[in-house]
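Asker: Next up is a structure, given as structure tokens.
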Amino acid sequence: MGVYEELKARGLIAQVTNEEEIRKVVNSGKAVFYIGFDCTADSLTAGHFMALTLMKRLQMAGNKPIALIGGGTTMIGDPSGRTDMRKMLTKEDIEHNAACFKRQMERFIEFGEGEGKAMMLNNADWLLNLNYVDLLREVGACFSVNNMLRAECYKQRMEKGLSFLEFNYMIMQSYDFYYLFQHYGCNMEFGGDDQWSNMLGGTELIRRKLGKDAHAMTITLLTDSNGKKMGKTAGNAVWLDPNKTSPFDFYQYWRNVDDADVMKCIRMLTFLPLEQIDEMSTWKDQQLNKAKEILAFELTKMVHGEEEATKAQEGARALFGSGANTANMPTTQLSADDFTDGQIAVLDLLLKTGLIPSKGEGRRLIQQGGLTVADEKVTDINKTFSQADFENGLVIKKGKKVFHKATL
């Protein structure tokens, strides 16, 4: 089985421009492909897993990945799949975010010089130097406004009003492919299925300007059984940065996926052999909990290393009575300065541990019955705890799946 056939067997491929050509090139290890990453935050999310694992699989088969940091396109903002405009970032913010991305990508792909090694490029290096009139003269005639307005990537924005700023995004992304094709021999672009229109713009630009063929392939979006994107929810993302989502919470996210989603996630995201996954797909009932543990451990190991994955697994098992050490639970160390007259209010405690973003959110959590401290449900928003309560560690449970320990 070639790498292309494996990608299909894992359910990773959504759309392709020329299946036979793409199959031939990637299976022979001759693809130079790029995937773009706009730097809208200082960490990648679990929603980027599909792209990262695809790059890893293809590099293992001898192909050369280009991780394209969107230093230029991030300054415009991709309208795909959004109903509002993205926040505008400064150049300094984008450069900082790009450095964070590379550190996380190095867990998946190997950068460096030589055959098959990955490159990291930044489209700011060519996009920010473009003269607007020159750009219009060079590529403007290659884009049909009628076709652009029908593009899937603009549909949701058209309902509330598509700005001219965002309208240019397809041209910028297409120009990236055109530039990489000429300067780096990049013959393929891969990305999420919501990028299909933008990617076709690039292949068409290369065909019309250079008279040559380039190819595009989209990856199946990672969605749950209800059709919602996994790991990249607005306001509730699962981050790859351990300071934003701890290894324990990262593990718990995957340990608690729905029964209907666990085997799909194992097939699409892990590197377990397909034969083993096929055997696991017959598992039912309690065996699905074992499958969820395997999924959570494999993904946590990939992102945070085996030691952190083991700690997270032991900590999670401890919460469900397996007798493992609760020391591996995410922990916040309090100091005497956090107490007033030897007491700390429950809302202040939740803020200190990072379990809530605001006291208003904490009040709602308590009023809805979603907070348990030391195995007792908290119903009073004015409840306080003394320093003595923290001597052996105080376990806080938010909802059904989030656990935290506070110590003094």
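Residues are referred to by chain and number: the chain letter is A, B, ... according to the order shown in the structure tokens, the number counts from 1 in that chain, and ligands are numbered separately from 1 in the order shown.
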Assign secondary structure with DSSP using the backbone only, and return the residues of range 28-183 of chain A in alpha helix (DSSP H) as a ChimeraX atom specification.

Answerer: /A:49-60,91-105,124-127,132-139,145-149,155-160,164-167,169-183

Asker: Find the residues near range 185-201 of chain A: any atom within 8 Å, counting only C-alpha atoms, skip ones fewer than 5 places away on the same chain, and give them as an MDAnalysis selection string.

Answerer: chainID A and resid 14:15 31:36 51 80:81 143 151:153 170:171 173:174 177 180 213:221

Asker: For a quick check of understanding, using only C-alpha atoms, which of A:Asn168, A:Thr310, A:Gln104, A:Ser358 has the smallest distance to Ala67 in chain A?

Answerer: A:Gln104

Asker: Give me, as a Markdown table, the closest atom pair and its distance (Å, one decimal) for every residue of range 170-273 of chain A within a cut-off of 10 Å of range 284-292 of chain A, counting only C-alpha atoms, rows sorted by chain and rising number.

Answerer:
| residue | atom | partner | partner_atom | distance |
| --- | --- | --- | --- | --- |
| A:Tyr251 | CA | A:Lys292 | CA | 9.8 |
| A:Gln252 | CA | A:Lys292 | CA | 9.6 |
| A:Tyr253 | CA | A:Lys292 | CA | 10.0 |
| A:Trp254 | CA | A:Lys292 | CA | 6.8 |
| A:Arg255 | CA | A:Lys292 | CA | 4.9 |
| A:Asn256 | CA | A:Lys292 | CA | 7.2 |
| A:Val257 | CA | A:Lys292 | CA | 7.3 |
| A:Asp258 | CA | A:Lys292 | CA | 9.0 |
| A:Asp259 | CA | A:Leu288 | CA | 6.7 |
| A:Ala260 | CA | A:Leu288 | CA | 9.5 |
| A:Asp261 | CA | A:Lys292 | CA | 9.6 |
| A:Val262 | CA | A:Lys292 | CA | 6.2 |
| A:Met263 | CA | A:Ala291 | CA | 7.5 |
| A:Cys265 | CA | A:Lys292 | CA | 9.4 |
| A:Ile266 | CA | A:Ala291 | CA | 8.2 |

Asker: Counting only C-alpha atoms, figure out which residue out of A:Val3, A:Ile109, A:Leu12, A:Val238 gets nearest to Ala61 in chain A.

Answerer: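 Going through A:Val3, A:Ile109, A:Leu12, A:Val238 one by one, the smallest distance to Ala61 in chain A is for A:Val3.
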
Asker: Identify, on the basis of only C-alpha atoms, every residue whose closest approach to Glu5 in chain A does not exceed 10 Å; exclude the query and any residue fewer than 5 positions from it along the same chain; express the result as a list in words.

Answerer: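 Within the cut-off, the hits are Arg10, Gly11, Ile13, Arg23 and Asn27 of chain A.
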
Asker: Based on DSSP run over this structure's backbone, return all residues of range 73-260 of chain A in strand (DSSP E), as a ChimeraX atom specification.

Answerer: /A:119-122,188-192,215-219

Asker: Could you list, as a VMD selection string, every residue within 10 Å of Lys212 in chain A, counting only C-alpha atoms and ignoring same-chain residues fewer than 3 positions away?

Answerer: chain A and resid 181 187 203 to 209

Asker: Let's have the selection written as a PDB file, in the first residue's frame, with N, CA and C atoms.

Answerer:
ATOM      1  N   PHE A 181       5.769  27.724  -6.598  1.00  0.00           N
ATOM      2  CA  PHE A 181       5.969  26.878  -7.776  1.00  0.00           C
ATOM      3  C   PHE A 181       7.208  27.329  -8.547  1.00  0.00           C
ATOM      4  N   ASN A 187       4.990  21.693  -6.231  1.00  0.00           N
ATOM      5  CA  ASN A 187       4.020  21.257  -7.242  1.00  0.00           C
ATOM      6  C   ASN A 187       2.653  20.892  -6.675  1.00  0.00           C
ATOM      7  N   THR A 203      -3.941  26.852  -8.563  1.00  0.00           N
ATOM      8  CA  THR A 203      -3.641  25.972  -9.700  1.00  0.00           C
ATOM      9  C   THR A 203      -4.004  26.647 -11.017  1.00  0.00           C
ATOM     10  N   GLU A 204      -5.102  27.409 -11.010  1.00  0.00           N
ATOM     11  CA  GLU A 204      -5.530  28.099 -12.228  1.00  0.00           C
ATOM     12  C   GLU A 204      -4.561  29.230 -12.584  1.00  0.00           C
ATOM     13  N   LEU A 205      -4.077  29.945 -11.574  1.00  0.00           N
ATOM     14  CA  LEU A 205      -3.123  31.026 -11.830  1.00  0.00           C
ATOM     15  C   LEU A 205      -1.840  30.473 -12.448  1.00  0.00           C
ATOM     16  N   ILE A 206      -1.340  29.364 -11.909  1.00  0.00           N
ATOM     17  CA  ILE A 206      -0.126  28.737 -12.449  1.00  0.00           C
ATOM     18  C   ILE A 206      -0.363  28.277 -13.889  1.00  0.00           C
ATOM     19  N   ARG A 207      -1.518  27.713 -14.149  1.00  0.00           N
ATOM     20  CA  ARG A 207      -1.822  27.246 -15.508  1.00  0.00           C
ATOM     21  C   ARG A 207      -1.883  28.403 -16.494  1.00  0.00           C
ATOM     22  N   ARG A 208      -2.550  29.489 -16.087  1.00  0.00           N
ATOM     23  CA  ARG A 208      -2.742  30.606 -17.007  1.00  0.00           C
ATOM     24  C   ARG A 208      -1.478  31.432 -17.202  1.00  0.00           C
ATOM     25  N   LYS A 209      -0.676  31.581 -16.155  1.00  0.00           N
ATOM     26  CA  LYS A 209       0.525  32.399 -16.270  1.00  0.00           C
ATOM     27  C   LYS A 209       1.721  31.623 -16.803  1.00  0.00           C
TER      28      LYS A 209
END

Asker: Give me the residues within 6 Å of Asn122 in chain A as a list in words, counting only C-alpha atoms and dropping any in the same chain fewer than 5 places off.

Answerer: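 Everything that qualifies: Leu68, Ile69, Gly70 and Gly71 of chain A.
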
Asker: For the selection you just gave me, I'd like the residues written to a file as a compact mmCIF listing (two decimals), in the first residue's frame, keeping all heavy atoms.

Answerer:
# COMPACT_ATOMS: atom_id res chain seq x y z
N LEU A 68 4.23 26.86 5.32
CA LEU A 68 4.18 28.27 4.94
C LEU A 68 3.48 29.08 6.03
O LEU A 68 2.28 28.94 6.25
CB LEU A 68 3.46 28.45 3.61
CG LEU A 68 3.41 29.90 3.11
CD1 LEU A 68 4.82 30.43 2.82
CD2 LEU A 68 2.53 30.02 1.87
N ILE A 69 4.26 29.92 6.68
CA ILE A 69 3.70 30.80 7.70
C ILE A 69 3.10 32.02 7.00
O ILE A 69 3.74 32.65 6.16
CB ILE A 69 4.80 31.25 8.68
CG1 ILE A 69 5.34 30.03 9.45
CG2 ILE A 69 4.28 32.31 9.63
CD1 ILE A 69 4.32 29.31 10.26
N GLY A 70 1.87 32.33 7.36
CA GLY A 70 1.15 33.40 6.67
C GLY A 70 1.42 34.77 7.26
O GLY A 70 0.47 35.45 7.68
N GLY A 71 2.67 35.20 7.28
CA GLY A 71 2.97 36.53 7.80
C GLY A 71 2.32 37.64 7.01
O GLY A 71 1.97 38.69 7.54

Asker: For Phe339 in chain A, find every residue with an atom within 12 Å (counting only C-alpha atoms), except residues of its own chain fewer than 6 positions away, and show them as a PyMOL selection string.

Answerer: chain A and resi 345-346+348-349+352+384-390+408

Asker: Which is closer to Thr332 in chain A than all the others in A:Ile356, A:Leu272, A:Thr407, A:Asp224, using only C-alpha atoms?

Answerer: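 Using only C-alpha atoms, Thr332 in chain A sits closest to A:Thr407.
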
Asker: When you draw a straight line from CA of Met230 in chain A to CA of Thr45 in chain A, how long is it in Å?

Answerer: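 If I compute the distance from CA of Met230 in chain A to CA of Thr45 in chain A, I get 9.7 Å.
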
Asker: Which residue gives the smallest distance to Glu275 in chain A among A:Ala9, A:Gly116, A:Thr40, A:Phe49, with only C-alpha atoms counted?

Answerer: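 Among A:Ala9, A:Gly116, A:Thr40, A:Phe49, it is A:Ala9 that comes nearest to Glu275 in chain A.
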